[in-house]
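Undergrad: The structure follows.
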Amino acid sequence: MERIDKICGHALWRSYVEKNRQLENGRIFCGHDTGHFLDVARLAYIENLERNLNISKELIYAAALLHDIGRHLEYLEGIPHDKASAMLAGDILNDCGFDTQEQNEIISAIAHHRTAETAMKDDLAGLIYRADKKSRPCLFCKAEELCNWSSQKKNLKLNM
């Protein structure tokens, strides 16, 4: 997964992750950091294997590593982070050797990772959507009672 290593070492990716970290410093709720990105990647890949969807591991990891990199733009400029992350991902993907078709698929998954219609899709976007939602350990969160997520959205049971 050489291209995934390139994403993790890319100066832009690192700067976006750092901006998110600075803006979420002291946040008691779920964060948008590398731990979250990797949780999403691993959950999506596990579902991919369990359901025999045959989606490339590299595409899954690329989408997961990039899906929230624009969170800082939501805080600073009010741009929804799914749209901001999709905007920022293209240059990184291009620099890391992803072809146009792969870039389009990854960027589409990023742009739709918060769209309810994506939930039931058996494609990269659907995997990232579901993994993103499952990645939040609400059951064990100290801030769960203060969180504004509805009780229907919260992960109050272990979902396997």
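By convention here, the chains of the structure tokens are called A, B, ... in the order presented, each chain's residues are numbered starting at 1, and ligands are numbered starting at 1 in the order presented.
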Report as a list in words all protein, DNA and RNA residues lying within 7 Å of region 52-62 of chain A, evaluated on only C-alpha atoms, omitting residues in the same chain fewer than 5 positions from it.

TA: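 Once the nearby chain positions are removed, what remains is Met1, Ile4, Ala41, Ala44, Tyr45, Ile106 and Leu124 of chain A.
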
Undergrad: Give me a file of those residues, with N, CA, C and O atoms, as a CSV table (one decimal), in the first residue's frame.

TA:
```csv
chain,number,residue,atom,x,y,z
A,1,MET,N,0.8,-1.2,0.0
A,1,MET,CA,0.0,0.0,0.0
A,1,MET,C,0.9,1.3,0.0
A,1,MET,O,0.7,2.1,0.8
A,4,ILE,N,-0.8,4.6,0.0
A,4,ILE,CA,-1.4,5.0,1.3
A,4,ILE,C,-0.3,5.6,2.2
A,4,ILE,O,-0.5,6.7,2.8
A,41,ALA,N,-11.2,3.3,8.3
A,41,ALA,CA,-10.6,2.4,7.3
A,41,ALA,C,-10.7,0.9,7.7
A,41,ALA,O,-11.1,0.1,6.8
A,44,ALA,N,-14.4,-0.3,7.5
A,44,ALA,CA,-14.8,-0.4,6.1
A,44,ALA,C,-14.2,-1.7,5.5
A,44,ALA,O,-14.9,-2.4,4.8
A,45,TYR,N,-12.9,-1.9,5.8
A,45,TYR,CA,-12.2,-3.0,5.2
A,45,TYR,C,-12.8,-4.3,5.7
A,45,TYR,O,-13.0,-5.3,4.9
A,106,ILE,N,-13.0,7.9,-5.1
A,106,ILE,CA,-12.7,8.3,-3.7
A,106,ILE,C,-13.3,9.6,-3.3
A,106,ILE,O,-13.9,9.7,-2.3
A,124,LEU,N,-17.9,2.0,-2.5
A,124,LEU,CA,-16.9,2.6,-1.6
A,124,LEU,C,-17.6,3.6,-0.7
A,124,LEU,O,-17.4,3.7,0.5
```

Undergrad: Just want the 7 Å neighbourhood of Gln103 (chain A), counted on only C-alpha atoms, with same-chain residues fewer than 4 positions away dropped. Output as an MDAnalysis selection string.

TA: chainID A and resid 90 93 98:99 107

Undergrad: Please write the residues from the selection above to a file, keeping N, CA and C atoms, as a tab-separated table (two decimals), in the first residue's frame.

TA:
```tsv
chain	number	residue	atom	x	y	z
A	90	GLY	N	-8.31	16.00	-3.93
A	90	GLY	CA	-7.85	15.79	-5.30
A	90	GLY	C	-6.35	15.95	-5.50
A	93	LEU	N	-4.49	13.03	-3.83
A	93	LEU	CA	-4.65	11.78	-4.58
A	93	LEU	C	-3.82	11.79	-5.85
A	98	PHE	N	-2.87	8.12	-7.75
A	98	PHE	CA	-4.19	7.57	-8.05
A	98	PHE	C	-4.63	8.10	-9.42
A	99	ASP	N	-5.17	7.20	-10.25
A	99	ASP	CA	-5.60	7.63	-11.58
A	99	ASP	C	-6.95	8.36	-11.48
A	107	ILE	N	-13.20	10.58	-4.23
A	107	ILE	CA	-13.77	11.91	-3.95
A	107	ILE	C	-15.28	11.83	-3.81
```

Undergrad: At what distance in Å, to one decimal, does CA of Ile128 (chain A) lie from CA of Ala64 (chain A)?

TA: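 About the pair CA of Ala64 (chain A) and CA of Ile128 (chain A): they are 6.6 Å apart.
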
Undergrad: If you run DSSP over the backbone, which residues in region 27-133 of chain A end up alpha helix (DSSP H)? Put them as a ChimeraX atom specification.

TA: /A:34-50,57-66,71-77,81-95,100-111,124-133

Undergrad: Smallest atom-to-atom distance to Ile92 (chain A): which of A:Leu38, A:Arg3, A:Asn20, A:His10, using only C-alpha atoms?

TA: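 Going through A:Leu38, A:Arg3, A:Asn20, A:His10 one by one, the smallest distance to Ile92 (chain A) is for A:His10.
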
Undergrad: Could you please determine the separation between CA of Ala131 (chain A) and CA of Ala11 (chain A) in Å, to one decimal place?

TA: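 CA of Ala11 (chain A) lies at a distance of 26.0 Å from CA of Ala131 (chain A).
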
Undergrad: Which residues are close to Lys83 (chain A), i.e. within 12 Å by only C-alpha atoms, leaving aside same-chain residues fewer than 5 positions away? Reply as a ChimeraX atom specification.

TA: /A:66-74,78,88-90,107-115

Undergrad: Would you compute the distance between CA of Gly9 (chain A) and CA of Phe37 (chain A)? Give it in Å to one decimal.

TA: 14.7 Å
